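> Before we start, here is the structure in question, set down as structure tokens.
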Amino acid sequence: MPGTLVLATTENAGLTRNALEVLAGGKKLRALLGEPVGAAILGRELSAHVPLLFAYGADQVYRAEHQLLERYQGDAFASVMHQICQRAQPNMVLLAGDSIGREVGPRLANRLKAGFVADFVDFDLEAASGRLRFTRQTYGGKAMAVMQPKAFPVVATAKLRAMEPPTKEEGRTGEEIVVDVALEASQLKTRVLEKIQEEVTGVKLEDAKIVVSGGRGVRGPEGFKVLEQLAQVIKGAVGASRAATDAGWVPPSWQVGQTGKSVSPDLYLAFGISGATQHVAGISGAKNIVAINTDPEAPIYKVAQLGVVGDWKAVATKLIESCKELTGR
Ligand SMILES: Cc1cc2nc3c(=O)[nH]c(=O)nc-3n(C[C@H](O)[C@H](O)[C@H](O)COP(=O)(O)OP(=O)(O)OC[C@H]3O[C@@H](n4cnc5c(N)ncnc54)[C@H](O)[C@@H]3O)c2cc1C
């Protein structure tokens with residue numbers, strides 16, 4: 001290659017949004033460094049994805065097909081990514097900061113004896129030295145840390161939703177490389193026994209344009225039923241603070257924040273959420289934050305564009321009424 005290699009993951013017979021985000025990162029690196037972008041795609045029956053990867057910016061596609069890659073398995077993915085890196089010799093490997101990237105990234109860095117940057121939100125070239133540097137949130141989003149790799153290759157995971165998917169360039173082509181995968185079942189230390197797909201009704205939290213989120217102030221699962229009603233009327237998704245998910249009021253997958261999901265909606269409605277730094281770390285990409293809280297001193301108002309000091313239920317009920325009138329839903 002050498003240049004950037006991104007791991008392009010698939011789900012339900014399509015490329016994931018996370019894959020497109022890391023391709024956007026690869027394209028940005030190409031613009032900064034003038035180096036090509038390779039995409040590694042692992043699984044079974046992947047041919048249909050190859051033209052799409054070119055259209056979204058890949059110059060090369062490394063297609064690795066094997067029966068043991070049919071379902072994601074950490075050992076298998078790390079081993080095959082290592083094989084692809086040995087062939088492609090990239091300077092940078094980018095993975096999404098999702099459960100796959102968080103598992104494969106460090107393992108791959110170890111195998112490559114590479115540097116590792118976790119959950120970067122951006123990168124650029126330092127003006128004086130022309131050296132690449134990454135920015136990532138630290139202290140729960142209170143400060144930004146700048147990391148400059150001293151040696152290459154570097155494996156890095158991108159914080160989800162920190163980058164927008166690139167625009168598709170129809171008809172763009174590149175080089176397809178079919179990888180001869182060397183993988184034995186005996187090499188794998190774990191086996192996937194069952195995949196349980198969480199049922200998602202309506203919009204996915206990470207992709208929602210409107211997020212209606214509740215915290216401890218909502219006081220229980222019944223409160224979230226009201227928020228779900230509001231989300232339904234305004235076509236949003238429901239999120240929660242860790243206080244609400246830890247209390248078991250809503251599933252853990254609804255948690256927004258440092259140890260939950262990062263969201264970047266146009267509108268984030270925070271009901272009864274204090275605005276702890278760990279929560280705010282997950283909403284830094286939100287374009288507009290509206291906070292509803294009884295405490296006028298709640299820290300959430302520091303990051304909100306609009307605040308309502310008042311009881312969450314009174315505001316949510318009124319909003320449901322008004323939005324129903326406006327939308328006719
Ligand atoms: C390592 C680590 C990781 C963490 N990761 C996350 C994370 O990913 N996401 C996350 O959310 N948290 C995370 N936390 C927890 C975080 O520090 C806070 O404890 C949590 O966000 C608080 O949730 P909350 O705002 O719902 O609850 P609280 O802080 O208890 O706030 C409740 C708010 O509700 C208001 N309120 C009360 N009654 C009403 C009412 N009737 N109407 C309106 N408002 C009302 C109160 O004034 C208060 O501001 C993490 C903590 C640690 C240590």
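A note on labels: chains of the structure tokens are A, B, ... as shown, every chain counts residues from 1, and ligands are counted from 1 in their shown order.
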What does the list of residues within 7 Å of ligand 1 look like if you count only C-alpha atoms and all ligand atoms, written as a VMD selection string?
chain A and resid 214 to 218 240 to 244 255 to 260 271 to 279 282 292 to 295 298 310 to 313
> Give me, as a list in words, all polymer residues having an atom no more than 10 Å from segment 133-149 of chain A, counting only C-alpha atoms and skipping those fewer than 6 positions away in the same chain.
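With the cut-off at 10 Å, the set is Ala114, Gly115, Phe116, Val117, Ala118, Asp119, Phe120, Val121, Asp122, Phe123, Asp124, Leu125, Glu126, Ala156, Ala158, Lys159, Gly257, Gln258, Thr259, Ala276, Thr277, Gln278, His279, Val280, Ala281, Gly282, Ile283 and Ser284 of chain A.
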> Nearest to Ala247 of chain A: which of A:Lys225, A:Arg219, A:Lys195, A:Lys150 is it, counting only C-alpha atoms?
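Among the listed residues, A:Arg219 lies closest to Ala247 of chain A.
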> So that I can check the surroundings of Arg107 of chain A, please list as a ChimeraX atom specification every protein, DNA and RNA residue that reaches within 12 Å of it, counting only C-alpha atoms and ignoring chain neighbours fewer than 6 positions away.
/A:74-82,100-101,113-116,155-156
> So that I have them on file, write out the residues from the current selection with N, CA, C and O atoms, as an mmCIF file, in the first residue's frame.

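Contents of again_2.cif, as written:
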data_model
loop_
_atom_site.group_PDB
_atom_site.id
_atom_site.type_symbol
_atom_site.label_atom_id
_atom_site.label_comp_id
_atom_site.auth_asym_id
_atom_site.auth_seq_id
_atom_site.Cartn_x
_atom_site.Cartn_y
_atom_site.Cartn_z
ATOM 1 N N GLY A 74 -14.046 -12.309 17.767
ATOM 2 C CA GLY A 74 -12.880 -11.456 18.017
ATOM 3 C C GLY A 74 -11.553 -12.060 17.598
ATOM 4 O O GLY A 74 -10.767 -11.422 16.887
ATOM 5 N N ASP A 75 -11.278 -13.320 18.013
ATOM 6 C CA ASP A 75 -9.994 -13.962 17.675
ATOM 7 C C ASP A 75 -9.821 -14.046 16.162
ATOM 8 O O ASP A 75 -8.742 -13.763 15.633
ATOM 9 N N ALA A 76 -10.905 -14.461 15.489
ATOM 10 C CA ALA A 76 -10.829 -14.671 14.036
ATOM 11 C C ALA A 76 -10.599 -13.343 13.319
ATOM 12 O O ALA A 76 -9.741 -13.240 12.443
ATOM 13 N N PHE A 77 -11.344 -12.301 13.720
ATOM 14 C CA PHE A 77 -11.200 -10.998 13.064
ATOM 15 C C PHE A 77 -9.801 -10.413 13.308
ATOM 16 O O PHE A 77 -9.180 -9.868 12.406
ATOM 17 N N ALA A 78 -9.300 -10.557 14.551
ATOM 18 C CA ALA A 78 -7.972 -10.004 14.860
ATOM 19 C C ALA A 78 -6.910 -10.727 14.035
ATOM 20 O O ALA A 78 -5.994 -10.102 13.481
ATOM 21 N N SER A 79 -7.045 -12.055 13.930
ATOM 22 C CA SER A 79 -6.053 -12.834 13.190
ATOM 23 C C SER A 79 -6.068 -12.457 11.702
ATOM 24 O O SER A 79 -5.006 -12.236 11.102
ATOM 25 N N VAL A 80 -7.274 -12.338 11.117
ATOM 26 C CA VAL A 80 -7.341 -12.044 9.675
ATOM 27 C C VAL A 80 -6.932 -10.592 9.407
ATOM 28 O O VAL A 80 -6.248 -10.311 8.419
ATOM 29 N N MET A 81 -7.291 -9.683 10.301
ATOM 30 C CA MET A 81 -6.839 -8.293 10.122
ATOM 31 C C MET A 81 -5.310 -8.246 10.157
ATOM 32 O O MET A 81 -4.680 -7.504 9.414
ATOM 33 N N HIS A 82 -4.720 -9.063 11.034
ATOM 34 C CA HIS A 82 -3.257 -9.115 11.118
ATOM 35 C C HIS A 82 -2.672 -9.627 9.799
ATOM 36 O O HIS A 82 -1.701 -9.068 9.270
ATOM 37 N N ILE A 100 -16.873 -4.056 18.151
ATOM 38 C CA ILE A 100 -15.913 -4.809 17.332
ATOM 39 C C ILE A 100 -14.544 -4.110 17.338
ATOM 40 O O ILE A 100 -13.516 -4.712 17.638
ATOM 41 N N GLY A 101 -14.546 -2.808 17.068
ATOM 42 C CA GLY A 101 -13.284 -2.056 17.030
ATOM 43 C C GLY A 101 -12.587 -2.052 18.380
ATOM 44 O O GLY A 101 -11.351 -2.137 18.454
ATOM 45 N N LYS A 113 2.728 -4.769 17.054
ATOM 46 C CA LYS A 113 3.643 -3.954 17.880
ATOM 47 C C LYS A 113 3.490 -2.484 17.465
ATOM 48 O O LYS A 113 4.469 -1.749 17.259
ATOM 49 N N ALA A 114 2.232 -2.087 17.326
ATOM 50 C CA ALA A 114 1.912 -0.737 16.847
ATOM 51 C C ALA A 114 1.489 0.150 18.007
ATOM 52 O O ALA A 114 1.143 -0.339 19.081
ATOM 53 N N GLY A 115 1.484 1.459 17.770
ATOM 54 C CA GLY A 115 0.923 2.386 18.742
ATOM 55 C C GLY A 115 -0.588 2.265 18.699
ATOM 56 O O GLY A 115 -1.151 1.769 17.717
ATOM 57 N N PHE A 116 -1.254 2.704 19.767
ATOM 58 C CA PHE A 116 -2.716 2.578 19.801
ATOM 59 C C PHE A 116 -3.338 3.869 20.327
ATOM 60 O O PHE A 116 -2.911 4.399 21.342
ATOM 61 N N VAL A 155 -2.630 1.937 15.273
ATOM 62 C CA VAL A 155 -4.010 1.449 15.198
ATOM 63 C C VAL A 155 -4.840 2.431 16.007
ATOM 64 O O VAL A 155 -4.449 2.809 17.116
ATOM 65 N N ALA A 156 -5.956 2.885 15.449
ATOM 66 C CA ALA A 156 -6.767 3.880 16.165
ATOM 67 C C ALA A 156 -8.242 3.558 16.009
ATOM 68 O O ALA A 156 -8.692 3.114 14.953
#
> For Leu112 of chain A, which residue out of A:Val212, A:Val6, A:Ala151, A:Ala96 is the nearest one, using only C-alpha atoms?
A:Ala151
> Kindly provide the residues of segment 133-245 of chain A that approach segment 29-53 of chain A to within 8 Å, each paired with its closest atom pair and their distance in Å to one decimal, based on only C-alpha atoms, listed by chain and increasing number, as a tab-separated table.

residue	atom	partner	partner_atom	distance
A:Arg172	CA	A:Pro51	CA	7.9
A:Thr173	CA	A:Pro51	CA	6.8
A:Glu176	CA	A:Val50	CA	7.5
> Looking only at strand (DSSP E) from DSSP on the backbone, list the matching residues of segment 114-229 of chain A as an mmCIF file with C-alpha atoms, in the first residue's frame.

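Done, and the output landed in part-v2.cif:
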data_model
loop_
_atom_site.group_PDB
_atom_site.id
_atom_site.type_symbol
_atom_site.label_atom_id
_atom_site.label_comp_id
_atom_site.auth_asym_id
_atom_site.auth_seq_id
_atom_site.Cartn_x
_atom_site.Cartn_y
_atom_site.Cartn_z
ATOM 1 C CA GLY A 115 0.923 2.386 18.742
ATOM 2 C CA PHE A 116 -2.716 2.578 19.801
ATOM 3 C CA VAL A 117 -5.090 5.555 20.038
ATOM 4 C CA ALA A 118 -8.524 4.868 21.518
ATOM 5 C CA ASP A 119 -11.682 6.800 20.691
ATOM 6 C CA PHE A 120 -10.231 9.776 18.828
ATOM 7 C CA VAL A 121 -12.694 12.503 17.860
ATOM 8 C CA ASP A 122 -10.475 14.222 15.312
ATOM 9 C CA PHE A 123 -6.971 14.386 13.872
ATOM 10 C CA ASP A 124 -4.877 16.883 11.943
ATOM 11 C CA LEU A 125 -1.283 17.716 11.102
ATOM 12 C CA LEU A 132 -0.094 13.678 12.675
ATOM 13 C CA ARG A 133 -1.884 14.246 15.966
ATOM 14 C CA PHE A 134 -5.119 12.892 17.372
ATOM 15 C CA THR A 135 -7.593 14.575 19.697
ATOM 16 C CA ARG A 136 -9.624 12.592 22.205
ATOM 17 C CA GLN A 137 -11.850 13.449 25.113
ATOM 18 C CA THR A 138 -10.451 12.941 28.570
ATOM 19 C CA ALA A 143 -10.814 18.238 28.634
ATOM 20 C CA MET A 144 -9.334 17.295 25.297
ATOM 21 C CA ALA A 145 -6.068 15.371 25.062
ATOM 22 C CA VAL A 146 -3.814 15.631 22.038
ATOM 23 C CA MET A 147 -1.848 12.481 21.210
ATOM 24 C CA VAL A 154 -0.697 3.138 14.508
ATOM 25 C CA VAL A 155 -4.010 1.449 15.198
ATOM 26 C CA ALA A 156 -6.767 3.880 16.165
ATOM 27 C CA THR A 157 -10.445 3.625 17.011
ATOM 28 C CA ALA A 158 -12.763 6.500 16.112
ATOM 29 C CA GLU A 175 -8.396 -2.472 -6.875
ATOM 30 C CA GLU A 176 -9.965 -5.563 -5.340
ATOM 31 C CA ILE A 177 -7.643 -7.961 -3.531
ATOM 32 C CA VAL A 178 -9.005 -11.355 -2.562
ATOM 33 C CA VAL A 179 -7.289 -12.443 0.644
ATOM 34 C CA ILE A 210 -34.293 13.615 17.769
ATOM 35 C CA VAL A 211 -33.431 11.954 21.076
ATOM 36 C CA VAL A 212 -35.752 12.116 24.079
ATOM 37 C CA SER A 213 -33.675 11.192 27.102
ATOM 38 C CA GLY A 214 -34.591 10.650 30.736
#
> Among segment 18-78 of chain A, which residues does DSSP mark as alpha helix (DSSP H) when it is run on the backbone? Keep the chain and numbering as in the structure and answer as a list of chain:residue names.
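After running DSSP on the backbone, segment 18-78 of chain A has alpha helix (DSSP H) at A:Asn18, A:Ala19, A:Leu20, A:Glu21, A:Val22, A:Leu23, A:Ala24, A:Gly25, A:Gly26, A:Lys27, A:Lys28, A:Leu29, A:Arg30, A:Ala31, A:Leu32, A:Leu33, A:His49, A:Val50, A:Pro51, A:Leu52, A:Leu53, A:Phe54, A:Ala55, A:Gly74, A:Asp75, A:Ala76, A:Phe77, A:Ala78.
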> Just N, CA and C atoms for this one: save the residues we selected as a tab-separated table (two decimals), in the first residue's frame.

chain	number	residue	atom	x	y	z
A	18	ASN	N	-21.02	2.74	10.86
A	18	ASN	CA	-19.70	2.85	11.50
A	18	ASN	C	-18.58	2.64	10.48
A	19	ALA	N	-18.82	1.72	9.53
A	19	ALA	CA	-17.81	1.47	8.48
A	19	ALA	C	-17.65	2.72	7.63
A	20	LEU	N	-18.76	3.38	7.32
A	20	LEU	CA	-18.69	4.58	6.48
A	20	LEU	C	-17.98	5.71	7.23
A	21	GLU	N	-18.18	5.77	8.54
A	21	GLU	CA	-17.50	6.82	9.32
A	21	GLU	C	-15.98	6.64	9.27
A	22	VAL	N	-15.51	5.38	9.40
A	22	VAL	CA	-14.04	5.20	9.36
A	22	VAL	C	-13.50	5.41	7.94
A	23	LEU	N	-14.34	5.14	6.94
A	23	LEU	CA	-13.91	5.46	5.58
A	23	LEU	C	-13.75	6.98	5.42
A	24	ALA	N	-14.64	7.74	6.07
A	24	ALA	CA	-14.50	9.20	6.05
A	24	ALA	C	-13.17	9.60	6.68
A	25	GLY	N	-12.79	8.91	7.77
A	25	GLY	CA	-11.49	9.16	8.41
A	25	GLY	C	-10.36	8.84	7.46
A	26	GLY	N	-10.48	7.72	6.75
A	26	GLY	CA	-9.46	7.32	5.77
A	26	GLY	C	-9.33	8.36	4.67
A	27	LYS	N	-10.46	8.87	4.21
A	27	LYS	CA	-10.43	9.89	3.14
A	27	LYS	C	-9.73	11.16	3.63
A	28	LYS	N	-10.02	11.51	4.89
A	28	LYS	CA	-9.40	12.73	5.43
A	28	LYS	C	-7.88	12.54	5.52
A	29	LEU	N	-7.46	11.33	5.93
A	29	LEU	CA	-6.02	11.05	5.99
A	29	LEU	C	-5.39	11.11	4.61
A	30	ARG	N	-6.15	10.61	3.61
A	30	ARG	CA	-5.62	10.66	2.23
A	30	ARG	C	-5.42	12.11	1.81
A	31	ALA	N	-6.39	12.97	2.17
A	31	ALA	CA	-6.28	14.39	1.80
A	31	ALA	C	-5.10	15.04	2.52
A	32	LEU	N	-4.85	14.63	3.77
A	32	LEU	CA	-3.76	15.24	4.55
A	32	LEU	C	-2.39	14.72	4.13
A	33	LEU	N	-2.31	13.40	3.89
A	33	LEU	CA	-0.99	12.77	3.70
A	33	LEU	C	-0.74	12.31	2.26
A	49	HIS	N	-20.52	-5.82	-1.67
A	49	HIS	CA	-20.10	-4.63	-0.92
A	49	HIS	C	-18.91	-3.91	-1.56
A	50	VAL	N	-18.18	-4.64	-2.40
A	50	VAL	CA	-16.92	-4.09	-2.92
A	50	VAL	C	-17.14	-2.78	-3.72
A	51	PRO	N	-18.07	-2.76	-4.71
A	51	PRO	CA	-18.27	-1.50	-5.44
A	51	PRO	C	-18.69	-0.35	-4.52
A	52	LEU	N	-19.46	-0.70	-3.48
A	52	LEU	CA	-19.91	0.35	-2.53
A	52	LEU	C	-18.72	0.95	-1.79
A	53	LEU	N	-17.77	0.08	-1.42
A	53	LEU	CA	-16.59	0.58	-0.70
A	53	LEU	C	-15.76	1.51	-1.58
A	54	PHE	N	-15.69	1.18	-2.87
A	54	PHE	CA	-14.99	2.10	-3.79
A	54	PHE	C	-15.75	3.43	-3.86
A	55	ALA	N	-17.09	3.30	-3.98
A	55	ALA	CA	-17.91	4.50	-4.12
A	55	ALA	C	-17.80	5.41	-2.88
A	74	GLY	N	-14.05	-12.31	17.77
A	74	GLY	CA	-12.88	-11.46	18.02
A	74	GLY	C	-11.55	-12.06	17.60
A	75	ASP	N	-11.28	-13.32	18.01
A	75	ASP	CA	-9.99	-13.96	17.67
A	75	ASP	C	-9.82	-14.05	16.16
A	76	ALA	N	-10.90	-14.46	15.49
A	76	ALA	CA	-10.83	-14.67	14.04
A	76	ALA	C	-10.60	-13.34	13.32
A	77	PHE	N	-11.34	-12.30	13.72
A	77	PHE	CA	-11.20	-11.00	13.06
A	77	PHE	C	-9.80	-10.41	13.31
A	78	ALA	N	-9.30	-10.56	14.55
A	78	ALA	CA	-7.97	-10.00	14.86
A	78	ALA	C	-6.91	-10.73	14.03
> How far is it from atom CA of Asn288 of chain A to atom CA of Pro265 of chain A, in Å with one decimal?
7.9 Å
> Select, from A:Tyr72, A:Phe152, A:Tyr268, A:Tyr62, the residue with the minimum atom-to-atom distance to Ile234 of chain A, counting only C-alpha atoms.
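Among the listed residues, A:Tyr268 lies closest to Ile234 of chain A.
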